[in-house]
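Everything below belongs to start_26.pdb, which stores PDB, C-alpha atoms.
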ATOM      1  CA  MET P 150     -42.079 -25.366  18.210
ATOM      2  CA  MET P 151     -39.552 -26.820  20.633
ATOM      3  CA  ASP P 152     -40.228 -27.971  24.160
ATOM      4  CA  SER P 153     -38.451 -26.301  27.063
ATOM      5  CA  ILE P 154     -35.164 -28.178  27.375
ATOM      6  CA  PRO P 155     -33.835 -28.974  30.845
ATOM      7  CA  ASP P 156     -30.140 -29.237  31.572
ATOM      8  CA  ARG P 157     -29.170 -32.879  31.736
ATOM      9  CA  ASP P 158     -26.350 -35.386  31.671
ATOM     10  CA  ARG P 159     -26.343 -37.432  28.441
ATOM     11  CA  SER P 160     -24.850 -40.420  30.247
ATOM     12  CA  THR P 161     -27.736 -40.696  32.724
ATOM     13  CA  ALA P 162     -30.662 -40.058  30.385
ATOM     14  CA  ALA P 163     -33.040 -43.048  30.233
ATOM     15  CA  LYS P 164     -34.188 -42.099  26.729
ATOM     16  CA  PRO P 165     -32.215 -40.294  24.031
ATOM     17  CA  ARG P 166     -33.188 -36.740  23.143
ATOM     18  CA  LEU P 167     -33.303 -36.171  19.397
ATOM     19  CA  LEU P 168     -32.950 -32.946  17.439
ATOM     20  CA  VAL P 169     -34.538 -32.760  13.979
ATOM     21  CA  PHE P 170     -33.686 -30.175  11.313
ATOM     22  CA  GLN P 171     -36.473 -29.587   8.768
ATOM     23  CA  HIS P 172     -36.312 -27.503   5.588
ATOM     24  CA  VAL P 173     -39.989 -27.525   4.566
ATOM     25  CA  ASP P 174     -42.913 -28.402   6.802
ATOM     26  CA  VAL P 175     -44.058 -31.454   4.811
ATOM     27  CA  GLU P 176     -40.611 -33.104   4.939
ATOM     28  CA  HIS P 177     -40.730 -34.285   8.527
ATOM     29  CA  PRO P 178     -39.665 -37.607  10.096
ATOM     30  CA  GLY P 179     -42.791 -39.297   8.766
ATOM     31  CA  ILE P 180     -43.357 -42.763  10.171
ATOM     32  CA  PHE P 181     -40.377 -42.369  12.510
ATOM     33  CA  ARG P 182     -42.623 -40.073  14.582
ATOM     34  CA  ASP P 183     -44.896 -43.022  15.341
ATOM     35  CA  PHE P 184     -41.968 -45.185  16.422
ATOM     36  CA  TRP P 185     -40.544 -42.446  18.658
ATOM     37  CA  ARG P 186     -43.940 -41.725  20.217
ATOM     38  CA  LYS P 187     -44.487 -45.379  21.122
ATOM     39  CA  ALA P 188     -40.962 -45.602  22.566
ATOM     40  CA  GLY P 189     -41.466 -42.462  24.673
ATOM     41  CA  ILE P 190     -38.617 -40.653  22.943
ATOM     42  CA  VAL P 191     -38.515 -36.855  23.181
ATOM     43  CA  TRP P 192     -37.606 -35.013  20.006
ATOM     44  CA  ASP P 193     -37.499 -31.351  19.007
ATOM     45  CA  ALA P 194     -38.007 -30.113  15.452
ATOM     46  CA  VAL P 195     -36.377 -26.924  14.195
ATOM     47  CA  GLU P 196     -37.919 -25.479  11.003
ATOM     48  CA  LEU P 197     -34.859 -23.783   9.526
ATOM     49  CA  ASP P 198     -36.637 -22.411   6.448
ATOM     50  CA  ALA P 199     -39.031 -20.581   8.785
ATOM     51  CA  GLY P 200     -36.179 -18.882  10.633
ATOM     52  CA  GLU P 201     -36.249 -20.969  13.802
ATOM     53  CA  PRO P 202     -32.902 -20.843  15.635
ATOM     54  CA  ILE P 203     -30.603 -23.813  16.163
ATOM     55  CA  PRO P 204     -30.567 -24.708  19.885
ATOM     56  CA  ASP P 205     -27.633 -25.761  22.056
ATOM     57  CA  LEU P 206     -26.339 -28.914  20.365
ATOM     58  CA  ASP P 207     -24.764 -30.191  23.578
ATOM     59  CA  LEU P 208     -28.242 -31.024  24.909
ATOM     60  CA  TYR P 209     -28.924 -33.683  22.275
ATOM     61  CA  ASP P 210     -27.892 -37.293  21.810
ATOM     62  CA  ALA P 211     -28.539 -37.445  18.063
ATOM     63  CA  LEU P 212     -29.252 -35.149  15.128
ATOM     64  CA  ILE P 213     -31.642 -36.145  12.330
ATOM     65  CA  VAL P 214     -31.684 -33.921   9.233
ATOM     66  CA  MET P 215     -34.526 -34.265   6.747
ATOM     67  CA  GLY P 216     -34.926 -33.466   3.058
ATOM     68  CA  GLY P 217     -35.994 -30.310   1.250
ATOM     69  CA  PRO P 218     -36.430 -28.778  -2.216
ATOM     70  CA  MET P 219     -33.301 -26.599  -1.988
ATOM     71  CA  ASP P 220     -29.722 -27.614  -2.866
ATOM     72  CA  VAL P 221     -26.747 -27.516  -0.506
ATOM     73  CA  TRP P 222     -24.998 -24.808  -2.548
ATOM     74  CA  GLN P 223     -27.947 -22.358  -2.547
ATOM     75  CA  GLU P 224     -26.647 -20.279   0.350
ATOM     76  CA  ALA P 225     -27.546 -16.959  -1.301
ATOM     77  CA  GLU P 226     -31.201 -18.016  -1.582
ATOM     78  CA  HIS P 227     -31.214 -19.761   1.809
ATOM     79  CA  PRO P 228     -28.655 -18.088   4.113
ATOM     80  CA  TRP P 229     -29.548 -20.391   7.021
ATOM     81  CA  LEU P 230     -27.738 -23.193   5.163
ATOM     82  CA  VAL P 231     -24.444 -21.672   6.340
ATOM     83  CA  ALA P 232     -25.347 -22.027  10.018
ATOM     84  CA  GLU P 233     -26.854 -25.452   9.419
ATOM     85  CA  LYS P 234     -23.679 -26.823   7.827
ATOM     86  CA  ALA P 235     -21.620 -25.400  10.694
ATOM     87  CA  ALA P 236     -23.947 -27.061  13.214
ATOM     88  CA  ILE P 237     -23.766 -30.390  11.402
ATOM     89  CA  ARG P 238     -19.988 -30.235  11.282
ATOM     90  CA  ARG P 239     -19.748 -29.450  14.983
ATOM     91  CA  PHE P 240     -22.162 -32.227  15.923
ATOM     92  CA  VAL P 241     -20.497 -35.007  13.922
ATOM     93  CA  HIS P 242     -16.868 -33.859  13.682
ATOM     94  CA  ASP P 243     -16.289 -32.146  17.022
ATOM     95  CA  LEU P 244     -18.855 -33.778  19.330
ATOM     96  CA  ARG P 245     -18.752 -37.130  17.456
ATOM     97  CA  ARG P 246     -22.414 -37.785  18.179
ATOM     98  CA  PRO P 247     -24.842 -39.864  16.091
ATOM     99  CA  TYR P 248     -26.343 -38.285  12.990
ATOM    100  CA  LEU P 249     -28.855 -39.499  10.418
ATOM    101  CA  GLY P 250     -29.300 -37.416   7.275
ATOM    102  CA  ILE P 251     -32.026 -38.249   4.752
ATOM    103  CA  CYS P 252     -31.884 -36.985   1.130
ATOM    104  CA  LEU P 253     -30.873 -33.306   1.544
ATOM    105  CA  GLY P 254     -29.655 -34.231   5.039
ATOM    106  CA  HIS P 255     -27.394 -36.853   3.440
ATOM    107  CA  GLN P 256     -25.983 -34.299   1.023
ATOM    108  CA  LEU P 257     -25.547 -31.695   3.783
ATOM    109  CA  LEU P 258     -23.471 -34.137   5.833
ATOM    110  CA  ALA P 259     -21.091 -34.620   2.916
ATOM    111  CA  ALA P 260     -20.924 -30.893   2.123
ATOM    112  CA  ALA P 261     -20.402 -29.892   5.764
ATOM    113  CA  LEU P 262     -17.381 -32.176   5.978
ATOM    114  CA  GLY P 263     -15.740 -31.042   2.734
ATOM    115  CA  GLY P 264     -17.268 -33.440   0.219
ATOM    116  CA  VAL P 265     -18.674 -32.504  -3.190
ATOM    117  CA  VAL P 266     -22.395 -32.431  -4.040
ATOM    118  CA  ARG P 267     -23.540 -31.755  -7.603
ATOM    119  CA  LEU P 268     -26.533 -32.173  -9.887
ATOM    120  CA  SER P 269     -27.192 -35.803 -10.833
ATOM    121  CA  ALA P 270     -26.805 -36.958 -14.391
ATOM    122  CA  THR P 271     -30.088 -38.831 -13.950
ATOM    123  CA  PRO P 272     -32.598 -37.591 -11.341
ATOM    124  CA  GLU P 273     -34.368 -40.336  -9.405
ATOM    125  CA  VAL P 274     -38.050 -40.173  -8.461
ATOM    126  CA  GLY P 275     -40.231 -42.998  -7.221
ATOM    127  CA  PRO P 276     -39.989 -46.407  -5.560
ATOM    128  CA  GLY P 277     -37.013 -48.662  -6.201
ATOM    129  CA  THR P 278     -34.160 -50.367  -4.396
ATOM    130  CA  VAL P 279     -30.536 -49.795  -3.423
ATOM    131  CA  GLU P 280     -27.806 -52.394  -2.991
ATOM    132  CA  LEU P 281     -25.741 -52.632   0.169
ATOM    133  CA  THR P 282     -21.996 -52.644  -0.332
ATOM    134  CA  PRO P 283     -19.893 -55.180   1.627
ATOM    135  CA  ALA P 284     -19.290 -52.418   4.197
ATOM    136  CA  GLY P 285     -23.011 -51.684   4.342
ATOM    137  CA  ALA P 286     -23.918 -55.332   4.872
ATOM    138  CA  GLU P 287     -21.696 -55.334   7.977
ATOM    139  CA  ASP P 288     -22.743 -51.919   9.296
ATOM    140  CA  PRO P 289     -24.962 -51.629  12.411
ATOM    141  CA  LEU P 290     -27.334 -49.226  10.616
ATOM    142  CA  PHE P 291     -28.349 -51.943   8.159
ATOM    143  CA  ALA P 292     -28.374 -54.876  10.568
ATOM    144  CA  GLY P 293     -31.112 -57.331   9.640
ATOM    145  CA  MET P 294     -31.122 -56.195   5.997
ATOM    146  CA  SER P 295     -29.430 -57.793   3.034
ATOM    147  CA  GLY P 296     -29.249 -57.511  -0.725
ATOM    148  CA  ALA P 297     -31.720 -55.030  -2.204
ATOM    149  CA  VAL P 298     -33.100 -52.504   0.298
ATOM    150  CA  PRO P 299     -36.444 -50.812  -0.508
ATOM    151  CA  ALA P 300     -35.956 -47.138  -1.327
ATOM    152  CA  PHE P 301     -38.180 -44.233  -2.307
ATOM    153  CA  GLN P 302     -36.305 -41.598  -4.291
ATOM    154  CA  TRP P 303     -36.929 -37.929  -5.035
ATOM    155  CA  HIS P 304     -33.657 -36.153  -5.739
ATOM    156  CA  GLY P 305     -31.847 -34.329  -8.506
ATOM    157  CA  ALA P 306     -28.488 -33.901  -6.772
ATOM    158  CA  GLU P 307     -25.995 -36.436  -5.471
ATOM    159  CA  VAL P 308     -22.839 -36.815  -3.413
ATOM    160  CA  ALA P 309     -20.096 -36.917  -6.047
ATOM    161  CA  SER P 310     -17.068 -37.040  -3.745
ATOM    162  CA  LEU P 311     -16.951 -38.134  -0.118
ATOM    163  CA  PRO P 312     -14.927 -36.478   2.656
ATOM    164  CA  MET P 313     -12.211 -38.278   4.596
ATOM    165  CA  GLU P 314     -13.233 -40.941   7.129
ATOM    166  CA  CYS P 315     -16.200 -42.043   5.024
ATOM    167  CA  SER P 316     -17.372 -45.440   3.762
ATOM    168  CA  VAL P 317     -19.979 -46.066   1.051
ATOM    169  CA  LEU P 318     -22.716 -48.328   2.448
ATOM    170  CA  ALA P 319     -25.251 -48.479  -0.414
ATOM    171  CA  ARG P 320     -25.464 -47.633  -4.109
ATOM    172  CA  ASN P 321     -27.430 -48.262  -7.287
ATOM    173  CA  ALA P 322     -26.940 -47.742 -11.004
ATOM    174  CA  ALA P 323     -28.165 -44.131 -10.917
ATOM    175  CA  CYS P 324     -26.258 -42.969  -7.837
ATOM    176  CA  ALA P 325     -22.936 -44.319  -6.546
ATOM    177  CA  VAL P 326     -23.414 -43.007  -2.989
ATOM    178  CA  GLN P 327     -26.876 -43.963  -1.765
ATOM    179  CA  ALA P 328     -25.671 -44.261   1.826
ATOM    180  CA  PHE P 329     -22.437 -43.541   3.648
ATOM    181  CA  ARG P 330     -20.963 -43.385   7.123
ATOM    182  CA  PHE P 331     -18.620 -40.752   8.525
ATOM    183  CA  GLY P 332     -16.500 -41.951  11.436
ATOM    184  CA  THR P 333     -18.411 -44.506  13.477
ATOM    185  CA  VAL P 334     -21.852 -42.982  14.178
ATOM    186  CA  ALA P 335     -22.769 -40.400  11.498
ATOM    187  CA  TYR P 336     -24.852 -41.602   8.547
ATOM    188  CA  GLY P 337     -26.324 -40.195   5.355
ATOM    189  CA  ILE P 338     -28.914 -41.959   3.204
ATOM    190  CA  GLN P 339     -29.939 -40.471  -0.128
ATOM    191  CA  PHE P 340     -33.245 -42.330  -0.267
ATOM    192  CA  HIS P 341     -36.447 -42.172   1.771
ATOM    193  CA  ILE P 342     -38.070 -44.933   3.831
ATOM    194  CA  GLU P 343     -39.927 -42.698   6.299
ATOM    195  CA  ILE P 344     -42.796 -42.081   3.880
ATOM    196  CA  THR P 345     -46.487 -42.495   4.741
ATOM    197  CA  GLU P 346     -49.714 -42.454   2.724
ATOM    198  CA  THR P 347     -49.697 -38.628   2.716
ATOM    199  CA  THR P 348     -46.095 -38.146   1.589
ATOM    200  CA  VAL P 349     -46.435 -38.192  -2.191
ATOM    201  CA  PRO P 350     -49.593 -36.005  -2.367
ATOM    202  CA  GLU P 351     -48.006 -33.450  -0.011
ATOM    203  CA  TRP P 352     -44.704 -33.349  -1.878
ATOM    204  CA  GLN P 353     -46.458 -33.057  -5.233
ATOM    205  CA  ARG P 354     -47.864 -29.709  -4.054
ATOM    206  CA  ILE P 355     -44.338 -28.259  -3.781
ATOM    207  CA  PRO P 356     -43.599 -26.572  -7.145
ATOM    208  CA  ALA P 357     -39.937 -27.642  -7.283
ATOM    209  CA  TYR P 358     -40.874 -31.249  -6.538
ATOM    210  CA  ALA P 359     -43.742 -31.266  -9.032
ATOM    211  CA  ALA P 360     -41.395 -30.022 -11.748
ATOM    212  CA  SER P 361     -38.731 -32.626 -10.976
ATOM    213  CA  LEU P 362     -41.387 -35.333 -10.876
ATOM    214  CA  GLU P 363     -42.653 -34.592 -14.365
ATOM    215  CA  ALA P 364     -39.129 -34.145 -15.712
ATOM    216  CA  ALA P 365     -38.038 -37.514 -14.356
ATOM    217  CA  LEU P 366     -41.149 -39.591 -15.086
ATOM    218  CA  GLY P 367     -43.247 -37.707 -17.621
ATOM    219  CA  PRO P 368     -46.857 -36.590 -17.004
ATOM    220  CA  GLU P 369     -48.481 -40.037 -17.264
ATOM    221  CA  ARG P 370     -46.175 -41.893 -14.861
ATOM    222  CA  ALA P 371     -46.100 -38.867 -12.551
ATOM    223  CA  ALA P 372     -49.874 -39.007 -12.240
ATOM    224  CA  HIS P 373     -49.676 -42.594 -10.976
ATOM    225  CA  LEU P 374     -46.799 -42.118  -8.523
ATOM    226  CA  ALA P 375     -49.002 -42.003  -5.415
ATOM    227  CA  ASP P 376     -50.780 -45.230  -6.388
ATOM    228  CA  ASP P 377     -47.538 -46.990  -7.310
ATOM    229  CA  THR P 378     -45.953 -45.954  -4.028
ATOM    230  CA  ALA P 379     -48.972 -46.953  -1.933
ATOM    231  CA  LYS P 380     -48.495 -50.570  -3.058
ATOM    232  CA  ARG P 381     -45.110 -50.624  -1.305
ATOM    233  CA  LEU P 382     -45.898 -48.672   1.869
ATOM    234  CA  ALA P 383     -45.885 -51.800   4.050
ATOM    235  CA  GLU P 384     -42.461 -52.704   2.702
ATOM    236  CA  PHE P 385     -41.128 -49.204   3.369
ATOM    237  CA  ALA P 386     -42.634 -49.216   6.868
ATOM    238  CA  ALA P 387     -40.925 -52.493   7.784
ATOM    239  CA  THR P 388     -37.587 -51.195   6.526
ATOM    240  CA  ALA P 389     -38.076 -47.903   8.366
ATOM    241  CA  ARG P 390     -38.841 -49.741  11.606
ATOM    242  CA  GLN P 391     -35.670 -51.824  11.317
ATOM    243  CA  LEU P 392     -33.476 -48.856  10.441
ATOM    244  CA  ASN P 393     -34.959 -46.781  13.263
ATOM    245  CA  GLU P 394     -34.266 -49.554  15.782
ATOM    246  CA  ASN P 395     -30.738 -49.924  14.453
ATOM    247  CA  PHE P 396     -30.043 -46.198  14.641
ATOM    248  CA  LEU P 397     -31.384 -45.940  18.186
ATOM    249  CA  GLN P 398     -29.037 -48.765  19.163
ATOM    250  CA  VAL P 399     -26.168 -46.767  17.669
ATOM    251  CA  VAL P 400     -27.309 -43.759  19.705
ATOM    252  CA  ALA P 401     -27.499 -45.801  22.918
ATOM    253  CA  ALA P 402     -24.069 -47.331  22.351
ATOM    254  CA  SER P 403     -22.603 -43.888  21.712
ATOM    255  CA  ALA P 404     -24.100 -42.501  24.935
ATOM    256  CA  ASN P 405     -22.816 -45.483  26.923
ATOM    257  CA  SER P 406     -19.352 -45.061  25.422
ATOM    258  CA  THR P 407     -19.355 -41.397  26.393
ATOM    259  CA  ALA P 408     -20.422 -42.275  29.928
ATOM    260  CA  ARG P 409     -17.414 -44.569  30.325
ATOM    261  CA  LEU P 410     -14.934 -41.832  29.380
TER     262      LEU P 410
END
Now, as a test, write the supplied structure out as structure tokens.
Amino acid sequence: MMDSIPDRDRSTAAKPRLLVFQHVDVEHPGIFRDFWRKAGIVWDAVELDAGEPIPDLDLYDALIVMGGPMDVWQEAEHPWLVAEKAAIRRFVHDLRRPYLGICLGHQLLAAALGGVVRLSATPEVGPGTVELTPAGAEDPLFAGMSGAVPAFQWHGAEVASLPMECSVLARNAACAVQAFRFGTVAYGIQFHIEITETTVPEWQRIPAYAASLEAALGPERAAHLADDTAKRLAEFAATARQLNENFLQVVAASANSTARL
């Protein structure tokens, strides 16, 4: 449920106001919520799969779009995807404001801008790493990171072709576009770092996720996923903290740039 939203001037706001799109209640910003709470950052979540309406985008400094069990092309099954893609396009293409898409949110950014998303040849599920490209190593979003970046995966689709104005920032052997940037302030990351100790058990209760888990890992490895992931939670948390700080710096720089216009 969203707070009441006062009219405001983005250039004079002491703290950024964030808008979050969710597609299933258990795919929320995870550990980012703790960081935002401690920083006193106001954020509003819109549960699109529950029919909640998209608010006035002009009131927000950044848009964060989370994952979900649906695919970007399933507009007949999930008609709200049409409005969501239009909102994403307006926010990043027309307003040129900061965006962070995670997993489905990464794929939606590409699709909204004219890229191609398709089923992966090899679904990825579980903890692993991604490699920064030369562009990624120099990008503000990945400042303070180098080489192999910790990544938790749970996806069966991938960005196969990027839109114009995009740069690949991370990749691995299974997926050539693990992270990308559109323009200067809009980002998509295919992998998860926002996970907490409840993430895997909650996601395993979603039928589509449970099926993809067993298909990718087999019953025995699937049964141990929560334990295997728990061993790396501290590593994911440290990476999430760094990426969150980096993204908020991008948001602040964008707001300051707008104020100077």
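Closest to Val266 in chain P among P:Gln339, P:Tyr248, P:Val317, P:Arg238 is P:Gln339, based on only C-alpha atoms.
Going from CA of Ala375 in chain P over to CA of Asn395 in chain P, you cover 28.1 Å.
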Counting only C-alpha atoms, write as a PyMOL selection string all protein and nucleic acid residues lying at most 6 Å from (-40.4, -33.2, 8.2) in the file's frame. chain P and resi 171+174-178
Taking 5 positions as the minimum chain separation for residues in the same chain, which residues sit within 10 Å of range 182-192 of chain P when counting only C-alpha atoms? Answer as a PyMOL selection string. chain P and resi 151-152+163-169+177+209+211-213+343+389-390+393-394+397
Could you please give me, as a VMD selection string, the residues of protein, DNA or RNA lying at most 8 Å from (-18.0, -31.5, 24.0) in the coordinate frame of the file, considering all atoms listed in the file? chain P and resid 207 243 to 244
What does the structure give for the distance between CA of His227 in chain P and CA of Arg320 in chain P, in Å to one decimal? 29.1 Å
Missing atoms of range 213-228 of chain P rebuilt to N, CA, C and O atoms, written as a PDB file, keeping the file's coordinate frame:
ATOM      1  N   ILE P 213     -31.023 -35.583  13.534  1.00  0.00           N
ATOM      2  CA  ILE P 213     -31.642 -36.145  12.330  1.00  0.00           C
ATOM      3  C   ILE P 213     -31.971 -34.977  11.406  1.00  0.00           C
ATOM      4  O   ILE P 213     -32.653 -34.029  11.815  1.00  0.00           O
ATOM      5  N   VAL P 214     -31.489 -35.026  10.185  1.00  0.00           N
ATOM      6  CA  VAL P 214     -31.684 -33.921   9.233  1.00  0.00           C
ATOM      7  C   VAL P 214     -32.465 -34.434   8.028  1.00  0.00           C
ATOM      8  O   VAL P 214     -32.048 -35.379   7.357  1.00  0.00           O
ATOM      9  N   MET P 215     -33.593 -33.798   7.768  1.00  0.00           N
ATOM     10  CA  MET P 215     -34.526 -34.265   6.747  1.00  0.00           C
ATOM     11  C   MET P 215     -34.215 -33.657   5.374  1.00  0.00           C
ATOM     12  O   MET P 215     -33.244 -32.943   5.199  1.00  0.00           O
ATOM     13  N   GLY P 216     -35.097 -33.941   4.416  1.00  0.00           N
ATOM     14  CA  GLY P 216     -34.926 -33.466   3.058  1.00  0.00           C
ATOM     15  C   GLY P 216     -35.511 -32.075   2.853  1.00  0.00           C
ATOM     16  O   GLY P 216     -36.010 -31.437   3.775  1.00  0.00           O
ATOM     17  N   GLY P 217     -35.460 -31.618   1.605  1.00  0.00           N
ATOM     18  CA  GLY P 217     -35.994 -30.310   1.250  1.00  0.00           C
ATOM     19  C   GLY P 217     -35.789 -30.028  -0.215  1.00  0.00           C
ATOM     20  O   GLY P 217     -34.953 -30.667  -0.868  1.00  0.00           O
ATOM     21  N   PRO P 218     -36.515 -29.061  -0.786  1.00  0.00           N
ATOM     22  CA  PRO P 218     -36.430 -28.778  -2.216  1.00  0.00           C
ATOM     23  C   PRO P 218     -35.220 -27.955  -2.627  1.00  0.00           C
ATOM     24  O   PRO P 218     -34.959 -27.778  -3.815  1.00  0.00           O
ATOM     25  N   MET P 219     -34.481 -27.410  -1.665  1.00  0.00           N
ATOM     26  CA  MET P 219     -33.301 -26.599  -1.988  1.00  0.00           C
ATOM     27  C   MET P 219     -32.073 -27.485  -2.177  1.00  0.00           C
ATOM     28  O   MET P 219     -32.093 -28.675  -1.861  1.00  0.00           O
ATOM     29  N   ASP P 220     -30.990 -26.897  -2.710  1.00  0.00           N
ATOM     30  CA  ASP P 220     -29.722 -27.614  -2.866  1.00  0.00           C
ATOM     31  C   ASP P 220     -28.694 -27.068  -1.884  1.00  0.00           C
ATOM     32  O   ASP P 220     -28.779 -25.911  -1.444  1.00  0.00           O
ATOM     33  N   VAL P 221     -27.702 -27.877  -1.551  1.00  0.00           N
ATOM     34  CA  VAL P 221     -26.747 -27.516  -0.506  1.00  0.00           C
ATOM     35  C   VAL P 221     -25.949 -26.261  -0.844  1.00  0.00           C
ATOM     36  O   VAL P 221     -25.471 -25.563   0.059  1.00  0.00           O
ATOM     37  N   TRP P 222     -25.805 -25.960  -2.136  1.00  0.00           N
ATOM     38  CA  TRP P 222     -24.998 -24.808  -2.548  1.00  0.00           C
ATOM     39  C   TRP P 222     -25.807 -23.508  -2.649  1.00  0.00           C
ATOM     40  O   TRP P 222     -25.242 -22.453  -2.929  1.00  0.00           O
ATOM     41  N   GLN P 223     -27.091 -23.536  -2.382  1.00  0.00           N
ATOM     42  CA  GLN P 223     -27.947 -22.358  -2.547  1.00  0.00           C
ATOM     43  C   GLN P 223     -27.946 -21.466  -1.303  1.00  0.00           C
ATOM     44  O   GLN P 223     -29.000 -21.095  -0.781  1.00  0.00           O
ATOM     45  N   GLU P 224     -26.762 -21.083  -0.868  1.00  0.00           N
ATOM     46  CA  GLU P 224     -26.647 -20.279   0.350  1.00  0.00           C
ATOM     47  C   GLU P 224     -27.140 -18.849   0.157  1.00  0.00           C
ATOM     48  O   GLU P 224     -27.615 -18.223   1.104  1.00  0.00           O
ATOM     49  N   ALA P 225     -27.045 -18.317  -1.055  1.00  0.00           N
ATOM     50  CA  ALA P 225     -27.546 -16.959  -1.301  1.00  0.00           C
ATOM     51  C   ALA P 225     -29.069 -16.912  -1.159  1.00  0.00           C
ATOM     52  O   ALA P 225     -29.622 -15.967  -0.582  1.00  0.00           O
ATOM     53  N   GLU P 226     -29.744 -17.951  -1.670  1.00  0.00           N
ATOM     54  CA  GLU P 226     -31.201 -18.016  -1.582  1.00  0.00           C
ATOM     55  C   GLU P 226     -31.667 -18.431  -0.186  1.00  0.00           C
ATOM     56  O   GLU P 226     -32.737 -18.040   0.267  1.00  0.00           O
ATOM     57  N   HIS P 227     -30.855 -19.224   0.492  1.00  0.00           N
ATOM     58  CA  HIS P 227     -31.214 -19.761   1.809  1.00  0.00           C
ATOM     59  C   HIS P 227     -30.029 -19.576   2.758  1.00  0.00           C
ATOM     60  O   HIS P 227     -29.280 -20.523   3.020  1.00  0.00           O
ATOM     61  N   PRO P 228     -29.844 -18.382   3.296  1.00  0.00           N
ATOM     62  CA  PRO P 228     -28.655 -18.088   4.113  1.00  0.00           C
ATOM     63  C   PRO P 228     -28.516 -18.980   5.339  1.00  0.00           C
ATOM     64  O   PRO P 228     -27.392 -19.180   5.827  1.00  0.00           O
TER      65      PRO P 228
END
